[in-house]
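Containing compact mmCIF, C-alpha atoms: start15.txt.
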```txt
# COMPACT_ATOMS: atom_id res chain seq x y z
CA MET A 13 202.52 107.60 194.10
CA ASP A 14 204.12 108.37 197.50
CA ARG A 15 204.23 112.16 197.71
CA ARG A 16 207.37 112.38 199.88
CA SER A 17 209.48 110.24 197.55
CA PHE A 18 208.17 112.24 194.59
CA ILE A 19 209.37 115.49 196.21
CA LYS A 20 212.83 114.04 196.81
CA LYS A 21 213.15 113.06 193.14
CA ALA A 22 211.62 116.08 191.45
CA GLY A 23 212.43 118.92 193.82
CA VAL A 24 210.10 121.00 195.91
CA ALA A 25 209.07 123.55 193.26
CA GLY A 26 208.40 121.04 190.50
CA ALA A 27 206.66 118.72 192.91
CA GLY A 28 204.16 121.39 193.89
CA ALA A 29 202.93 121.83 190.32
CA ALA A 30 203.03 118.14 189.52
CA ALA A 31 201.22 117.20 192.70
CA ALA A 32 198.50 119.76 191.94
CA THR A 33 198.00 118.18 188.52
CA THR A 34 198.06 114.67 189.96
CA LEU A 35 195.44 115.53 192.58
CA ALA A 36 193.25 117.72 190.37
CA ALA A 37 192.56 115.18 187.64
CA PRO A 38 191.10 112.50 189.90
CA ALA A 39 189.03 115.13 191.73
CA ILE A 40 187.46 116.34 188.48
CA ALA A 41 186.87 112.77 187.37
CA GLN A 42 185.04 112.02 190.60
CA THR A 43 182.82 115.11 190.60
CA MET A 44 182.07 115.25 186.85
CA PRO A 45 181.74 111.60 185.79
CA LYS A 46 180.27 110.62 182.43
CA ILE A 47 176.71 109.45 183.12
CA THR A 48 173.79 108.76 180.79
CA TRP A 49 170.24 108.29 182.04
CA ARG A 50 167.00 107.52 180.24
CA CYS A 51 163.90 109.54 181.07
CA SER A 52 160.51 108.40 179.85
CA SER A 53 157.82 111.05 179.58
CA GLY A 54 154.20 110.29 180.37
CA PHE A 55 153.23 112.30 177.28
CA PRO A 56 153.69 112.22 173.48
CA LYS A 57 156.39 114.34 171.88
CA ALA A 58 153.77 116.31 169.95
CA LEU A 59 152.93 118.16 173.18
CA ASP A 60 155.78 120.66 173.33
CA THR A 61 154.51 122.00 176.65
CA ILE A 62 154.30 118.88 178.82
CA TYR A 63 156.79 116.67 177.01
CA GLY A 64 158.87 119.78 176.39
CA ALA A 65 159.42 120.28 180.11
CA ALA A 66 161.42 117.04 180.17
CA GLU A 67 163.62 118.41 177.39
CA VAL A 68 164.08 121.69 179.26
CA PHE A 69 165.19 119.73 182.31
CA ALA A 70 167.57 117.48 180.37
CA GLN A 71 169.19 120.40 178.55
CA ALA A 72 169.73 122.28 181.82
CA VAL A 73 171.44 119.23 183.35
CA SER A 74 173.71 118.83 180.34
CA GLU A 75 174.69 122.50 180.27
CA ALA A 76 175.45 122.59 184.00
CA THR A 77 177.75 119.57 183.74
CA ASP A 78 179.53 120.43 180.48
CA GLY A 79 177.77 117.53 178.81
CA ASN A 80 179.03 114.95 181.27
CA PHE A 81 175.58 114.14 182.64
CA GLU A 82 173.28 113.39 179.72
CA ILE A 83 169.61 112.54 180.13
CA GLN A 84 167.97 111.04 177.06
CA THR A 85 164.25 111.86 176.88
CA TYR A 86 161.66 109.56 175.31
CA GLY A 87 158.01 110.16 174.52
CA ALA A 88 155.27 107.99 175.97
CA GLY A 89 155.39 104.51 174.49
CA GLU A 90 158.91 104.74 173.04
CA ILE A 91 160.53 102.70 175.80
CA VAL A 92 157.72 102.35 178.35
CA GLY A 93 154.02 103.17 178.17
CA ALA A 94 152.51 106.40 179.46
CA LEU A 95 151.05 104.62 182.47
CA GLU A 96 154.07 102.39 183.16
CA GLY A 97 156.62 104.98 184.28
CA ALA A 98 156.40 104.32 188.02
CA ASP A 99 156.95 100.58 187.71
CA ALA A 100 159.84 101.10 185.29
CA VAL A 101 161.56 103.55 187.67
CA ARG A 102 160.96 101.38 190.73
CA ASP A 103 162.45 98.33 188.99
CA ALA A 104 165.35 100.34 187.46
CA THR A 105 164.23 99.51 183.92
CA ILE A 106 164.82 103.22 183.40
CA GLU A 107 166.56 105.69 185.66
CA MET A 108 163.73 108.22 185.77
CA ALA A 109 160.35 109.29 184.44
CA HIS A 110 158.85 112.73 183.93
CA THR A 111 155.16 112.20 184.49
CA ALA A 112 152.00 112.87 186.46
CA SER A 113 152.21 111.03 189.75
CA TYR A 114 148.44 110.63 189.90
CA TYR A 115 148.55 108.33 186.87
CA PHE A 116 149.38 105.61 189.40
CA PHE A 117 146.45 106.37 191.67
CA GLY A 118 145.17 102.82 191.22
CA LYS A 119 148.22 101.44 193.01
CA ASP A 120 147.70 103.66 196.05
CA PRO A 121 145.64 106.88 196.26
CA THR A 122 148.60 108.58 197.96
CA TRP A 123 150.26 108.85 194.54
CA ALA A 124 147.82 111.64 193.70
CA PHE A 125 149.36 114.17 196.08
CA GLY A 126 152.48 114.35 193.92
CA THR A 127 150.35 115.89 191.19
CA GLY A 128 147.18 117.27 192.73
CA VAL A 129 143.82 116.22 194.11
CA PRO A 130 140.25 117.45 193.50
CA PHE A 131 139.43 120.81 195.08
CA GLY A 132 143.04 121.12 196.18
CA LEU A 133 145.77 123.72 195.77
CA ASN A 134 146.33 126.11 192.90
CA GLN A 135 149.73 126.28 191.19
CA ARG A 136 151.37 128.76 193.55
CA MET A 137 149.99 127.08 196.63
CA THR A 138 151.22 123.75 195.31
CA ASN A 139 154.74 125.12 194.98
CA GLY A 140 154.46 126.69 198.42
CA TRP A 141 153.38 123.42 200.02
CA LEU A 142 156.01 121.34 198.21
CA TYR A 143 159.02 123.62 198.60
CA GLU A 144 158.36 125.48 201.85
CA GLY A 145 155.41 123.79 203.52
CA GLY A 146 157.07 120.42 204.07
CA GLY A 147 155.12 118.69 201.33
CA LEU A 148 158.02 117.39 199.24
CA ASP A 149 159.92 116.07 202.26
CA LEU A 150 156.75 114.36 203.43
CA LEU A 151 156.13 112.76 200.05
CA ASN A 152 159.73 111.62 199.62
CA ASN A 153 160.25 110.32 203.15
CA ASP A 154 156.84 108.83 203.85
CA PHE A 155 155.80 107.61 200.42
CA TYR A 156 158.15 107.72 197.43
CA ALA A 157 161.02 106.12 199.35
CA ASP A 158 158.82 103.06 199.86
CA GLN A 159 158.47 102.89 196.07
CA ASN A 160 162.29 102.91 195.69
CA MET A 161 162.33 106.41 194.25
CA ILE A 162 162.76 110.08 195.02
CA ALA A 163 160.80 112.86 193.33
CA PHE A 164 161.19 116.53 192.42
CA PRO A 165 158.62 118.93 190.93
CA ALA A 166 159.42 119.54 187.26
CA GLY A 167 156.42 121.25 185.70
CA ASN A 168 152.97 122.61 186.36
CA THR A 169 150.00 123.27 184.09
CA GLY A 170 148.21 125.67 186.39
CA ALA A 171 144.43 125.35 186.71
CA GLN A 172 143.11 123.11 183.98
CA MET A 173 139.85 123.14 182.07
CA GLY A 174 136.94 120.87 182.91
CA GLY A 175 136.77 118.78 179.77
CA TRP A 176 135.11 118.38 176.37
CA PHE A 177 131.55 117.08 176.10
CA ARG A 178 129.42 115.98 173.18
CA LYS A 179 126.33 117.53 174.78
CA GLU A 180 125.53 120.18 177.38
CA ILE A 181 125.43 119.18 181.02
CA ASN A 182 123.63 121.37 183.52
CA THR A 183 122.64 119.09 186.38
CA VAL A 184 123.96 116.03 188.17
CA ALA A 185 121.25 114.06 186.41
CA ASP A 186 122.82 115.00 183.05
CA MET A 187 126.03 113.28 184.10
CA GLN A 188 124.52 109.89 184.85
CA GLY A 189 126.16 107.14 182.80
CA LEU A 190 128.49 109.45 180.86
CA LYS A 191 131.72 107.72 179.88
CA MET A 192 134.47 110.25 180.46
CA ARG A 193 138.22 110.07 180.05
CA ILE A 194 139.46 111.35 183.38
CA GLY A 195 142.44 110.00 185.28
CA GLY A 196 143.49 109.66 188.87
CA PHE A 197 141.51 111.00 191.77
CA GLY A 198 139.19 113.03 189.57
CA GLY A 199 137.85 109.79 188.13
CA ARG A 200 137.20 108.37 191.57
CA ILE A 201 135.29 111.46 192.66
CA ILE A 202 133.24 111.99 189.52
CA GLN A 203 132.22 108.35 189.67
CA GLU A 204 130.38 109.21 192.88
CA VAL A 205 128.00 111.45 190.91
CA GLY A 206 127.27 108.90 188.20
CA VAL A 207 130.03 109.32 185.60
CA VAL A 208 131.88 106.24 184.34
CA PRO A 209 135.61 107.21 184.36
CA GLN A 210 137.96 105.94 181.67
CA ASN A 211 141.75 105.97 182.11
CA ILE A 212 143.11 106.64 178.60
CA PRO A 213 146.57 108.02 177.69
CA GLY A 214 146.57 111.48 176.14
CA GLY A 215 147.58 110.25 172.69
CA ASP A 216 144.55 107.93 172.48
CA ILE A 217 141.82 110.34 173.56
CA TYR A 218 140.90 111.76 170.15
CA ALA A 219 140.19 108.38 168.61
CA ALA A 220 138.02 107.38 171.56
CA LEU A 221 135.98 110.58 171.29
CA GLU A 222 135.71 110.33 167.53
CA LYS A 223 134.46 106.73 167.63
CA GLY A 224 132.02 107.45 170.44
CA THR A 225 133.79 105.05 172.80
CA ILE A 226 133.62 107.89 175.33
CA ASP A 227 131.19 110.79 175.71
CA ALA A 228 133.57 113.31 177.21
CA ALA A 229 137.25 113.82 177.96
CA GLU A 230 139.46 116.08 179.99
CA PHE A 231 143.14 116.61 179.32
CA VAL A 232 144.84 119.92 180.09
CA GLY A 233 143.62 123.13 178.51
CA PRO A 234 143.23 125.19 175.32
CA TYR A 235 146.72 124.87 173.86
CA ASP A 236 147.29 121.14 174.30
CA ASP A 237 143.68 120.18 173.70
CA SER A 238 143.50 122.08 170.43
CA LYS A 239 146.69 120.40 169.21
CA LEU A 240 145.00 117.07 169.86
CA GLY A 241 141.86 118.18 168.01
CA PHE A 242 139.24 117.55 170.70
CA ASN A 243 137.17 120.53 169.55
CA LYS A 244 136.51 118.74 166.26
CA VAL A 245 134.60 115.92 167.93
CA ALA A 246 133.15 117.50 171.11
CA PRO A 247 131.86 121.10 170.92
CA TYR A 248 131.28 121.91 174.62
CA PHE A 249 134.32 122.98 176.64
CA TYR A 250 133.64 123.13 180.40
CA TYR A 251 135.41 124.91 183.25
CA PRO A 252 136.86 124.85 185.84
CA GLY A 253 138.82 121.62 186.08
CA TRP A 254 138.02 121.26 189.77
CA TRP A 255 140.09 118.08 190.01
CA GLU A 256 143.23 119.82 188.70
CA GLY A 257 143.71 123.25 190.20
CA GLY A 258 147.50 123.25 190.07
CA VAL A 259 148.83 120.10 188.46
CA THR A 260 152.45 119.26 189.16
CA LEU A 261 154.56 116.92 187.06
CA MET A 262 157.24 115.01 188.91
CA ASN A 263 160.68 113.77 188.02
CA LEU A 264 160.47 110.28 189.52
CA ILE A 265 164.01 108.95 190.01
CA ASN A 266 165.12 105.46 190.98
CA LEU A 267 166.46 105.78 194.53
CA ASP A 268 169.49 103.55 194.00
CA LYS A 269 170.52 105.51 190.90
CA TRP A 270 170.00 108.76 192.82
CA ASN A 271 172.22 107.61 195.67
CA GLU A 272 174.99 106.77 193.19
CA LEU A 273 175.19 110.38 191.96
CA PRO A 274 177.90 112.69 193.29
CA SER A 275 176.49 115.48 195.43
CA ASN A 276 177.05 118.17 192.80
CA TYR A 277 175.01 116.20 190.25
CA LYS A 278 172.22 115.85 192.79
CA GLY A 279 172.24 119.62 193.17
CA VAL A 280 172.08 120.03 189.40
CA VAL A 281 169.08 117.69 189.15
CA LYS A 282 167.22 119.61 191.86
CA ALA A 283 167.96 122.98 190.24
CA ALA A 284 167.14 121.81 186.71
CA SER A 285 163.86 120.29 187.94
CA ALA A 286 162.86 123.60 189.55
CA TYR A 287 163.79 125.42 186.34
CA ALA A 288 161.59 123.10 184.25
CA ASN A 289 158.81 123.64 186.78
CA SER A 290 158.98 127.39 186.20
CA VAL A 291 159.37 127.26 182.41
CA MET A 292 156.44 124.93 181.87
CA MET A 293 154.06 127.19 183.79
CA ALA A 294 155.30 130.23 181.89
CA ARG A 295 154.66 128.47 178.58
CA TYR A 296 151.08 127.60 179.51
CA ASP A 297 150.35 131.13 180.71
CA THR A 298 151.65 132.42 177.38
CA LEU A 299 150.11 129.85 175.03
CA ASN A 300 146.68 129.20 176.54
CA PRO A 301 145.06 132.65 176.05
CA PRO A 302 145.51 132.84 172.24
CA ALA A 303 144.62 129.16 171.91
CA LEU A 304 141.35 129.74 173.76
CA LYS A 305 140.48 132.70 171.57
CA LYS A 306 141.10 130.61 168.47
CA LEU A 307 138.96 127.73 169.75
CA VAL A 308 136.03 130.08 170.44
CA SER A 309 136.39 131.71 167.02
CA GLU A 310 136.13 128.25 165.48
CA GLY A 311 132.88 127.43 167.26
CA THR A 312 133.87 125.96 170.63
CA LYS A 313 131.13 126.58 173.19
CA LEU A 314 132.49 127.54 176.63
CA ARG A 315 130.34 126.48 179.54
CA PRO A 316 130.82 126.74 183.33
CA TYR A 317 129.98 123.79 185.53
CA SER A 318 126.79 124.57 187.41
CA LEU A 319 126.92 125.23 191.13
CA GLU A 320 124.84 122.08 191.61
CA ILE A 321 127.48 119.93 189.93
CA LEU A 322 130.39 121.61 191.72
CA GLU A 323 128.80 121.26 195.14
CA ALA A 324 127.89 117.61 194.52
CA CYS A 325 131.47 116.84 193.48
CA PHE A 326 132.93 118.79 196.42
CA GLY A 327 130.83 116.79 198.85
CA ALA A 328 131.81 113.56 197.13
CA ALA A 329 135.49 114.48 197.38
CA ASN A 330 135.34 115.08 201.13
CA LYS A 331 133.48 111.80 201.60
CA VAL A 332 136.08 109.83 199.64
CA TYR A 333 139.00 111.51 201.43
CA ALA A 334 137.55 110.48 204.78
CA GLU A 335 136.97 106.89 203.63
CA ILE A 336 140.50 106.46 202.26
CA GLY A 337 142.11 108.19 205.24
CA ALA A 338 140.38 105.79 207.62
CA GLU A 339 142.16 102.86 205.93
CA ASN A 340 145.43 104.41 204.73
CA ALA A 341 147.54 106.15 207.40
CA THR A 342 150.09 107.54 204.94
CA PHE A 343 147.35 109.00 202.76
CA LYS A 344 145.75 110.67 205.80
CA LYS A 345 149.05 112.11 207.02
CA ILE A 346 149.82 113.72 203.66
CA HIS A 347 146.19 114.73 203.10
CA ASP A 348 146.08 116.57 206.43
CA SER A 349 149.27 118.47 205.62
CA TYR A 350 148.07 119.33 202.10
CA MET A 351 144.58 120.45 203.13
CA GLY A 352 145.96 122.35 206.12
CA TYR A 353 148.04 124.38 203.70
CA ARG A 354 144.95 124.91 201.52
CA GLY A 355 143.06 126.48 204.42
CA ASP A 356 145.56 129.27 204.98
CA GLY A 357 146.41 129.56 201.31
CA TYR A 358 142.94 130.45 200.13
CA LEU A 359 142.49 132.99 202.91
CA TRP A 360 145.48 134.88 201.55
CA PHE A 361 144.59 134.45 197.89
CA GLN A 362 141.03 135.64 198.50
CA LEU A 363 142.32 138.81 200.11
CA ALA A 364 145.11 139.67 197.68
CA GLU A 365 144.96 137.75 194.40
CA TYR A 366 141.19 137.43 193.97
CA ASN A 367 140.43 141.09 194.58
CA MET A 368 143.24 142.26 192.32
CA ASP A 369 142.21 139.84 189.55
CA THR A 370 138.57 140.86 189.82
CA PHE A 371 139.35 144.57 189.62
CA MET A 372 141.65 144.11 186.63
CA MET A 373 139.08 142.02 184.77
CA ILE A 374 136.47 144.76 185.28
CA GLN A 375 138.92 147.28 183.83
CA GLN A 376 139.59 145.00 180.86
CA ARG A 377 135.86 145.04 180.18
CA GLY A 378 135.66 148.80 180.24
CA GLY A 379 134.65 149.08 183.87
CA LYS A 380 131.67 146.71 183.58
CA LEU A 381 131.06 143.41 185.42
```
Full structure transcribed into structure tokens:
Amino acid sequence: MDRRSFIKKAGVAGAGAAAATTLAAPAIAQTMPKITWRCSSGFPKALDTIYGAAEVFAQAVSEATDGNFEIQTYGAGEIVGALEGADAVRDATIEMAHTASYYFFGKDPTWAFGTGVPFGLNQRMTNGWLYEGGGLDLLNNDFYADQNMIAFPAGNTGAQMGGWFRKEINTVADMQGLKMRIGGFGGRIIQEVGVVPQNIPGGDIYAALEKGTIDAAEFVGPYDDSKLGFNKVAPYFYYPGWWEGGVTLMNLINLDKWNELPSNYKGVVKAASAYANSVMMARYDTLNPPALKKLVSEGTKLRPYSLEILEACFGAANKVYAEIGAENATFKKIHDSYMGYRGDGYLWFQLAEYNMDTFMMIQQRGGKL
């Protein structure tokens, strides 16, 4: 409608109110459109921590948009398989996936940096590198964009455990020929010391351990692992999970679908992703301690990896990083940024966090080491 002719017909006062209504409705419609996306999790619904982070994210998006932007969440295998999320997002089969980026390590080792790499950053350092250290911009601009997607951190497990074993392992020799469920970069590194890695979705691990198809398996930690029953078929629970010091889950979003969103919805997605990132870590920090106590009370045998094994794996990791970096320029660029952050990060954590943690643990034990 021509505004000047409207004013002549309706009068100045009436026109002001009517024009405000006429202009306001289209503006709201443009900034709060009705949109429905599908998000496939890389994990089964039974895991209320990892899968639950996708629900936390989706609910936050819905609440911030008065229900106009709805994200339907699906467990692994409901619409795409646990290890198929990246392809489905790239091809726009689904709009997004909430998953571990390193699941797609076999396509390109650079995928691993979106989740974590062996002997890498802890949870807080990971957030520091991603949000303030240039890591997320580097990943999105130099890697994810080439996969037709954009990514945002949306969960973290913290430092994970080192896996369940049918028998004790004390030396590198004890690891020779072991078939172990371990995904991503960890599998590549542990292969260097004689282990045969197996890439098995979380929901299928128990059956493989029970049948003896594998000799060992890593997943996350006490809470999730106990829900999946690994302690019933493998009594030895090792630590630390040196390949997963601060494991990030990513919201992988199809880039074309992202670019179609109004700017306010983009802001909501970023904020809701960061919220899910925080909530998931808080849940693990709350749920893992009692779960570990329960596992030990039921007979689980906690064992540390020997220094021999850790040093052998650390050396293998550095060797593999150098080999991949020599052939993959993008991997090397992101690796150098990531490991550069690690260098300064551990200096600070050793001074502040480590000493505080050590003192408090001594006090918890009645003043005894």
Which one of A:Met137, A:Ala104, A:Leu304, A:Ala329 sits closest to Leu267 of chain A if you count only C-alpha atoms?
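Closest residue, counting only C-alpha atoms: A:Ala104.
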I want to know what sits within 12 Å of segment 310-321 of chain A, based on all atoms listed in the file, with residues of the same chain fewer than 4 positions away left out; could you give that as a VMD selection string?
chain A and resid 173 to 188 201 to 202 204 to 207 234 237 to 238 241 to 254 303 to 306 325 to 328
How many Å lie between atom CA of Ala66 of chain A and atom CA of Tyr86 of chain A, rounded to one decimal?
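Computing the Euclidean distance for atom CA of Ala66 of chain A and atom CA of Tyr86 of chain A yields 8.9 Å.
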What is the distance between atom CA of Asp149 of chain A and atom CA of Thr43 of chain A, in Å to one decimal?
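These atoms are spaced 25.7 Å apart.
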One number please: atom CA of Gln375 of chain A to atom CA of Pro301 of chain A, in Å, one decimal.
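Calculated distance between atom CA of Gln375 of chain A and atom CA of Pro301 of chain A is 17.7 Å.
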Ala94 of chain A: which residues within 9 Å, counting all atoms listed in the file, same-chain residues fewer than 5 positions away excluded, as a PyMOL selection string?
chain A and resi 52-56+87-89+111+115+213-214
Using only C-alpha atoms: which of A:Cys51, A:Ile162, A:Ala157, A:Val291 has the shortest distance to Ala109 of chain A:
A:Cys51
